[in-house]
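Engineer: One structure is given below, represented as structure tokens, and several questions about it will come after.
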Amino acid sequence: LWQTISLTVLQVGVFIALMLVVGKRLLPWLLWHVAKTGSRELFTLAIVAIAIGIAYGASALFNVSFALGAFFAGMVMRESEFSHRAAEESLPLRDAFAVLFFVSVGMLFEPGILWHEPLRLLAVVAIIIIGKSVAAMVLVLAFRYPLNTALTIAASLAQIGEFSFILAGLGMSLGILPPAGMSLILAGAFISIALNPLIFSAIKPLRKWVLSFSEIARHLEARTDPFAELPMSTERKYLEGQVVLVGYGRVGRRIAEGLAERGIPFVIAEQNRELVEKLRKSGMPAVSGNAADPSVLIQAHITNAALLVIATPDSMDVRKMAEI
């Protein structure tokens, strides 16, 4: 048993290392050259071929499931500047496969489990809603985010979806999980998804209640993300008369390069926290967060800025930023 587990862990580890080291460089480069041809059909075909090819290779060479292989393919393709286009091009295919997937999953559900095993179902729902939320909240707080952020993320993760069904399906095919277990997981997923809006609505009253009597909670709430505001050492030229550039994707990067070439000071507001960290290390002033939130633009010193450049595709967010 230990030999089998060790071999499996080694195979999965080699696959992940290859994807993160080789795939992270190869796939964005490949998508770039396919995009240069100008053929939309070839681009869509390349995305499908990469996803299925990696999923099949993961299964055939490393004994990794199709689902995990495709998941890592998506993670690596996210590193490409064409990731948004890839997501848009694959959207119709994703919807079609999702319909087939959920139909097949629904056919496995046994409604009788609701009244035959109520205690077990209650335990499954408690693990999903309470256990998962508490684990998420502890992790977010460990990364020094404020309490409000931790509660929001905990609420958003108080449910399970398609990846859980895939794992349960694998468990059934391997004889590890009985059919009743699959029904319990499906029922737990349905209930957790249905309750999720109520959980979100409970965030504010729960936060107020916790803050009212806990000194620790007040301390956690007061913590701020170091990347959510410019450091005190930021030069004055970035605080007055600067350009505030929202978004550092394919378009935003080109604009930033043009501003830098002309010696025009600018501050970047970007949602991707990891990207903001990299920008800070390279000497670029950047703040982390959604610029549709007034506090993010305030931290970018929009009040005294000369220009606001919005390089994000979401038209609703653009309107909010313009209003702010």
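Naming works like this for the structure tokens: A, B, ... for the chains as they're shown, residue 1 at the start of each chain, ligands 1 onward in shown order.
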Find the residues around A:Leu186 up to 10 Å (only C-alpha atoms counted), leave out those fewer than 2 positions away in its own chain, and share them as a PyMOL selection string.
Structural biologist: chain A and resi 105-106+108-111+121+124+160-162+164-165+168+180-184+188-192
Engineer: Neighbours of stretch 138-142 of chain A within 9 Å (only C-alpha atoms; same-chain residues fewer than 4 positions away dropped), as a PyMOL selection string?
Structural biologist: chain A and resi 133-134+146-147+149-151+153-154+220
Engineer: Could those selected residues go to a file with all heavy atoms, as an mmCIF file, in the first residue's frame?
Structural biologist:
data_model
loop_
_atom_site.group_PDB
_atom_site.id
_atom_site.type_symbol
_atom_site.label_atom_id
_atom_site.label_comp_id
_atom_site.auth_asym_id
_atom_site.auth_seq_id
_atom_site.Cartn_x
_atom_site.Cartn_y
_atom_site.Cartn_z
ATOM 1 N N SER A 133 -16.062 26.377 5.725
ATOM 2 C CA SER A 133 -16.010 27.824 5.980
ATOM 3 C C SER A 133 -14.975 28.167 7.043
ATOM 4 O O SER A 133 -14.214 29.130 6.890
ATOM 5 C CB SER A 133 -17.384 28.327 6.428
ATOM 6 O OG SER A 133 -18.346 28.098 5.423
ATOM 7 N N VAL A 134 -14.950 27.389 8.120
ATOM 8 C CA VAL A 134 -13.987 27.651 9.206
ATOM 9 C C VAL A 134 -12.553 27.470 8.697
ATOM 10 O O VAL A 134 -11.669 28.284 8.978
ATOM 11 C CB VAL A 134 -14.264 26.721 10.405
ATOM 12 C CG1 VAL A 134 -13.131 26.795 11.420
ATOM 13 C CG2 VAL A 134 -15.589 27.081 11.063
ATOM 14 N N PRO A 146 -7.910 41.151 6.568
ATOM 15 C CA PRO A 146 -8.836 41.570 7.628
ATOM 16 C C PRO A 146 -9.994 40.594 7.808
ATOM 17 O O PRO A 146 -10.276 39.765 6.930
ATOM 18 C CB PRO A 146 -9.336 42.945 7.146
ATOM 19 C CG PRO A 146 -9.043 42.996 5.698
ATOM 20 C CD PRO A 146 -7.852 42.127 5.472
ATOM 21 N N LEU A 147 -10.684 40.724 8.941
ATOM 22 C CA LEU A 147 -11.768 39.808 9.301
ATOM 23 C C LEU A 147 -12.894 39.820 8.270
ATOM 24 O O LEU A 147 -13.442 38.768 7.931
ATOM 25 C CB LEU A 147 -12.320 40.192 10.684
ATOM 26 C CG LEU A 147 -13.475 39.344 11.209
ATOM 27 C CD1 LEU A 147 -13.041 37.904 11.426
ATOM 28 C CD2 LEU A 147 -14.024 39.924 12.513
ATOM 29 N N THR A 149 -12.800 40.351 5.072
ATOM 30 C CA THR A 149 -12.386 39.561 3.898
ATOM 31 C C THR A 149 -12.479 38.072 4.191
ATOM 32 O O THR A 149 -12.957 37.294 3.362
ATOM 33 C CB THR A 149 -10.941 39.919 3.501
ATOM 34 O OG1 THR A 149 -10.864 41.327 3.261
ATOM 35 C CG2 THR A 149 -10.509 39.177 2.257
ATOM 36 N N ALA A 150 -12.040 37.683 5.384
ATOM 37 C CA ALA A 150 -12.082 36.268 5.776
ATOM 38 C C ALA A 150 -13.513 35.749 5.820
ATOM 39 O O ALA A 150 -13.802 34.643 5.350
ATOM 40 C CB ALA A 150 -11.410 36.085 7.135
ATOM 41 N N LEU A 151 -14.433 36.546 6.376
ATOM 42 C CA LEU A 151 -15.838 36.136 6.451
ATOM 43 C C LEU A 151 -16.461 36.028 5.062
ATOM 44 O O LEU A 151 -17.233 35.100 4.787
ATOM 45 C CB LEU A 151 -16.632 37.127 7.303
ATOM 46 C CG LEU A 151 -16.360 37.093 8.809
ATOM 47 C CD1 LEU A 151 -17.056 38.260 9.498
ATOM 48 C CD2 LEU A 151 -16.827 35.773 9.423
ATOM 49 N N ILE A 153 -14.927 35.399 2.148
ATOM 50 C CA ILE A 153 -14.394 34.223 1.454
ATOM 51 C C ILE A 153 -14.945 32.940 2.067
ATOM 52 O O ILE A 153 -15.279 31.985 1.353
ATOM 53 C CB ILE A 153 -12.850 34.240 1.485
ATOM 54 C CG1 ILE A 153 -12.340 35.384 0.604
ATOM 55 C CG2 ILE A 153 -12.280 32.907 1.019
ATOM 56 C CD1 ILE A 153 -10.858 35.575 0.623
ATOM 57 N N ALA A 154 -15.070 32.918 3.393
ATOM 58 C CA ALA A 154 -15.639 31.737 4.061
ATOM 59 C C ALA A 154 -17.069 31.484 3.586
ATOM 60 O O ALA A 154 -17.453 30.336 3.321
ATOM 61 C CB ALA A 154 -15.615 31.937 5.573
ATOM 62 N N LEU A 220 -8.287 41.883 14.472
ATOM 63 C CA LEU A 220 -8.242 41.266 13.140
ATOM 64 C C LEU A 220 -8.898 42.160 12.090
ATOM 65 O O LEU A 220 -8.437 42.238 10.958
ATOM 66 C CB LEU A 220 -8.945 39.901 13.167
ATOM 67 C CG LEU A 220 -8.266 38.804 13.989
ATOM 68 C CD1 LEU A 220 -9.149 37.566 14.064
ATOM 69 C CD2 LEU A 220 -6.906 38.434 13.395
#
Engineer: Just the residues within 8 Å of stretch 84-87 of chain A, please, counting only C-alpha atoms, with nothing from its chain fewer than 4 positions along; format it as a ChimeraX atom specification.
Structural biologist: /A:43-44,47,91
Engineer: For atom CA of A:Pro294 and atom CA of A:Glu229, determine how far apart the two atoms are, in Å to one decimal place.
Structural biologist: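 Value for the atom CA of A:Pro294-atom CA of A:Glu229 distance: 12.5 Å.
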Engineer: Please identify which residues in stretch 121-194 of chain A DSSP calls alpha helix (DSSP H) from the backbone, and express them as a ChimeraX atom specification.
Structural biologist: /A:121-126,132-142,147-156,162-173,179-194
Engineer: Quick one: everything within 12 Å of A:Leu20, counting only C-alpha atoms, minus sequence neighbours fewer than 2 positions away in the same chain. Send it as an MDAnalysis selection string.
Structural biologist: chainID A and resid 13:18 22:28 72:79
Engineer: Go ahead and write the selection's residues with C-alpha atoms as a short mmCIF file (atom, residue, chain, number, x, y, z; two decimals), in the first residue's frame.
Structural biologist:
data_model
loop_
_atom_site.label_atom_id
_atom_site.label_comp_id
_atom_site.auth_asym_id
_atom_site.auth_seq_id
_atom_site.Cartn_x
_atom_site.Cartn_y
_atom_site.Cartn_z
CA GLY A 13 4.39 15.53 -8.27
CA VAL A 14 6.31 15.07 -11.55
CA PHE A 15 3.20 16.04 -13.55
CA ILE A 16 2.60 19.19 -11.46
CA ALA A 17 6.31 20.14 -11.69
CA LEU A 18 6.26 19.73 -15.48
CA VAL A 22 7.66 23.67 -18.61
CA GLY A 23 3.97 24.26 -19.31
CA LYS A 24 4.00 27.73 -17.74
CA ARG A 25 6.47 28.83 -20.42
CA LEU A 26 5.48 26.60 -23.33
CA LEU A 27 1.68 27.05 -23.41
CA PRO A 28 1.61 30.91 -23.32
CA PHE A 72 -3.86 22.28 -14.49
CA ALA A 73 -4.00 23.04 -18.22
CA GLY A 74 -6.40 25.89 -17.42
CA MET A 75 -4.17 27.14 -14.60
CA VAL A 76 -1.15 27.26 -16.90
CA MET A 77 -3.07 28.91 -19.78
CA ARG A 78 -4.12 31.60 -17.31
CA GLU A 79 -0.50 32.82 -17.40
#
Engineer: Do you know which residues are at most 12 Å from A:Leu68 counting only C-alpha atoms, after dropping those on the same chain fewer than 3 positions away, and could you put them as a ChimeraX atom specification?
Structural biologist: /A:12,15-16,19,51-52,54-59,62-65,71-75,163-164,166-167,170
Engineer: Go ahead and dump the residues you just picked, N, CA and C atoms, as a PDB file, in the first residue's frame.
Structural biologist:
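Dumped to part.pdb:
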ATOM      1  N   VAL A  12       2.187  12.205  -9.571  1.00  0.00           N
ATOM      2  CA  VAL A  12       1.437  13.469  -9.536  1.00  0.00           C
ATOM      3  C   VAL A  12       2.396  14.642  -9.360  1.00  0.00           C
ATOM      4  N   PHE A  15       4.144  15.385 -12.627  1.00  0.00           N
ATOM      5  CA  PHE A  15       3.201  16.035 -13.549  1.00  0.00           C
ATOM      6  C   PHE A  15       3.015  17.512 -13.191  1.00  0.00           C
ATOM      7  N   ILE A  16       2.806  17.801 -11.903  1.00  0.00           N
ATOM      8  CA  ILE A  16       2.604  19.190 -11.461  1.00  0.00           C
ATOM      9  C   ILE A  16       3.861  20.016 -11.733  1.00  0.00           C
ATOM     10  N   MET A  19       4.090  20.829 -15.403  1.00  0.00           N
ATOM     11  CA  MET A  19       3.107  21.833 -15.788  1.00  0.00           C
ATOM     12  C   MET A  19       3.520  23.220 -15.326  1.00  0.00           C
ATOM     13  N   ALA A  51      -6.164  21.465 -23.982  1.00  0.00           N
ATOM     14  CA  ALA A  51      -6.873  20.977 -22.788  1.00  0.00           C
ATOM     15  C   ALA A  51      -7.022  19.457 -22.818  1.00  0.00           C
ATOM     16  N   ILE A  52      -7.506  18.928 -23.950  1.00  0.00           N
ATOM     17  CA  ILE A  52      -7.722  17.478 -24.056  1.00  0.00           C
ATOM     18  C   ILE A  52      -6.388  16.741 -24.091  1.00  0.00           C
ATOM     19  N   ILE A  54      -3.440  17.627 -22.735  1.00  0.00           N
ATOM     20  CA  ILE A  54      -2.831  17.568 -21.401  1.00  0.00           C
ATOM     21  C   ILE A  54      -3.610  16.618 -20.499  1.00  0.00           C
ATOM     22  N   ALA A  55      -4.944  16.671 -20.582  1.00  0.00           N
ATOM     23  CA  ALA A  55      -5.768  15.777 -19.761  1.00  0.00           C
ATOM     24  C   ALA A  55      -5.472  14.316 -20.097  1.00  0.00           C
ATOM     25  N   TYR A  56      -5.369  14.005 -21.408  1.00  0.00           N
ATOM     26  CA  TYR A  56      -5.086  12.625 -21.814  1.00  0.00           C
ATOM     27  C   TYR A  56      -3.667  12.225 -21.409  1.00  0.00           C
ATOM     28  N   GLY A  57      -2.700  13.135 -21.630  1.00  0.00           N
ATOM     29  CA  GLY A  57      -1.325  12.842 -21.251  1.00  0.00           C
ATOM     30  C   GLY A  57      -1.180  12.609 -19.756  1.00  0.00           C
ATOM     31  N   ALA A  58      -1.912  13.418 -18.967  1.00  0.00           N
ATOM     32  CA  ALA A  58      -1.877  13.254 -17.509  1.00  0.00           C
ATOM     33  C   ALA A  58      -2.395  11.883 -17.109  1.00  0.00           C
ATOM     34  N   SER A  59      -3.442  11.431 -17.801  1.00  0.00           N
ATOM     35  CA  SER A  59      -4.048  10.136 -17.482  1.00  0.00           C
ATOM     36  C   SER A  59      -3.173   8.975 -17.954  1.00  0.00           C
ATOM     37  N   PHE A  62       0.892   9.692 -16.355  1.00  0.00           N
ATOM     38  CA  PHE A  62       1.118   9.932 -14.929  1.00  0.00           C
ATOM     39  C   PHE A  62       0.002   9.379 -14.030  1.00  0.00           C
ATOM     40  N   ASN A  63      -0.962   8.694 -14.626  1.00  0.00           N
ATOM     41  CA  ASN A  63      -2.102   8.150 -13.865  1.00  0.00           C
ATOM     42  C   ASN A  63      -2.858   9.233 -13.093  1.00  0.00           C
ATOM     43  N   VAL A  64      -2.858  10.455 -13.628  1.00  0.00           N
ATOM     44  CA  VAL A  64      -3.622  11.561 -13.055  1.00  0.00           C
ATOM     45  C   VAL A  64      -4.963  11.614 -13.769  1.00  0.00           C
ATOM     46  N   SER A  65      -6.032  11.956 -13.054  1.00  0.00           N
ATOM     47  CA  SER A  65      -7.362  11.961 -13.662  1.00  0.00           C
ATOM     48  C   SER A  65      -7.460  13.001 -14.774  1.00  0.00           C
ATOM     49  N   PHE A  71      -7.682  20.707 -15.384  1.00  0.00           N
ATOM     50  CA  PHE A  71      -7.647  21.815 -14.420  1.00  0.00           C
ATOM     51  C   PHE A  71      -6.278  22.503 -14.445  1.00  0.00           C
ATOM     52  N   PHE A  72      -5.200  21.705 -14.451  1.00  0.00           N
ATOM     53  CA  PHE A  72      -3.856  22.282 -14.491  1.00  0.00           C
ATOM     54  C   PHE A  72      -3.578  22.952 -15.837  1.00  0.00           C
ATOM     55  N   ALA A  73      -4.151  22.396 -16.912  1.00  0.00           N
ATOM     56  CA  ALA A  73      -4.004  23.039 -18.221  1.00  0.00           C
ATOM     57  C   ALA A  73      -4.607  24.440 -18.184  1.00  0.00           C
ATOM     58  N   GLY A  74      -5.766  24.577 -17.559  1.00  0.00           N
ATOM     59  CA  GLY A  74      -6.402  25.888 -17.423  1.00  0.00           C
ATOM     60  C   GLY A  74      -5.582  26.831 -16.573  1.00  0.00           C
ATOM     61  N   MET A  75      -5.001  26.315 -15.477  1.00  0.00           N
ATOM     62  CA  MET A  75      -4.166  27.142 -14.597  1.00  0.00           C
ATOM     63  C   MET A  75      -2.955  27.698 -15.341  1.00  0.00           C
ATOM     64  N   PHE A 163     -16.368  19.948  -9.067  1.00  0.00           N
ATOM     65  CA  PHE A 163     -15.144  19.200  -8.809  1.00  0.00           C
ATOM     66  C   PHE A 163     -15.364  18.141  -7.732  1.00  0.00           C
ATOM     67  N   SER A 164     -16.234  18.443  -6.783  1.00  0.00           N
ATOM     68  CA  SER A 164     -16.572  17.455  -5.755  1.00  0.00           C
ATOM     69  C   SER A 164     -17.288  16.258  -6.376  1.00  0.00           C
ATOM     70  N   ILE A 166     -16.857  15.209  -9.435  1.00  0.00           N
ATOM     71  CA  ILE A 166     -15.847  14.446 -10.182  1.00  0.00           C
ATOM     72  C   ILE A 166     -15.086  13.521  -9.231  1.00  0.00           C
ATOM     73  N   LEU A 167     -14.677  14.059  -8.076  1.00  0.00           N
ATOM     74  CA  LEU A 167     -13.951  13.240  -7.093  1.00  0.00           C
ATOM     75  C   LEU A 167     -14.821  12.105  -6.565  1.00  0.00           C
ATOM     76  N   LEU A 170     -15.007   9.418  -9.167  1.00  0.00           N
ATOM     77  CA  LEU A 170     -13.788   8.609  -9.147  1.00  0.00           C
ATOM     78  C   LEU A 170     -13.825   7.619  -7.981  1.00  0.00           C
TER      79      LEU A 170
END
Engineer: Work out how far atom CA of A:Ala136 is from atom CA of A:Pro197, in Å to one decimal.
Structural biologist: 17.6 Å
Engineer: Return the single residue from A:Ile255, A:Pro285, A:Glu323, A:Glu41 that is closest to A:Ser233, with distances computed using only C-alpha atoms.
Structural biologist: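 So, comparing all the options, the nearest one is A:Pro285.
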Engineer: Against stretch 307-317 of chain A, which residues of stretch 174-286 of chain A fall within 6 Å? For each one I want the closest pair of atoms and the distance in Å (one decimal), counting only C-alpha atoms, rows by chain and increasing residue number, as JSON lines.
Structural biologist:
{"residue": "A:Val243", "atom": "CA", "partner": "A:Leu307", "partner_atom": "CA", "distance": 4.8}
{"residue": "A:Val244", "atom": "CA", "partner": "A:Leu308", "partner_atom": "CA", "distance": 4.9}
{"residue": "A:Leu245", "atom": "CA", "partner": "A:Val309", "partner_atom": "CA", "distance": 4.9}
{"residue": "A:Val246", "atom": "CA", "partner": "A:Ile310", "partner_atom": "CA", "distance": 4.8}
{"residue": "A:Gly247", "atom": "CA", "partner": "A:Ala311", "partner_atom": "CA", "distance": 5.2}
{"residue": "A:Gly252", "atom": "CA", "partner": "A:Ala311", "partner_atom": "CA", "distance": 5.3}
Engineer: Which value, in Å to one decimal, gives the distance between atom CA of A:Ala49 and atom CA of A:Glu274?
Structural biologist: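 So the answer is 28.7 Å.
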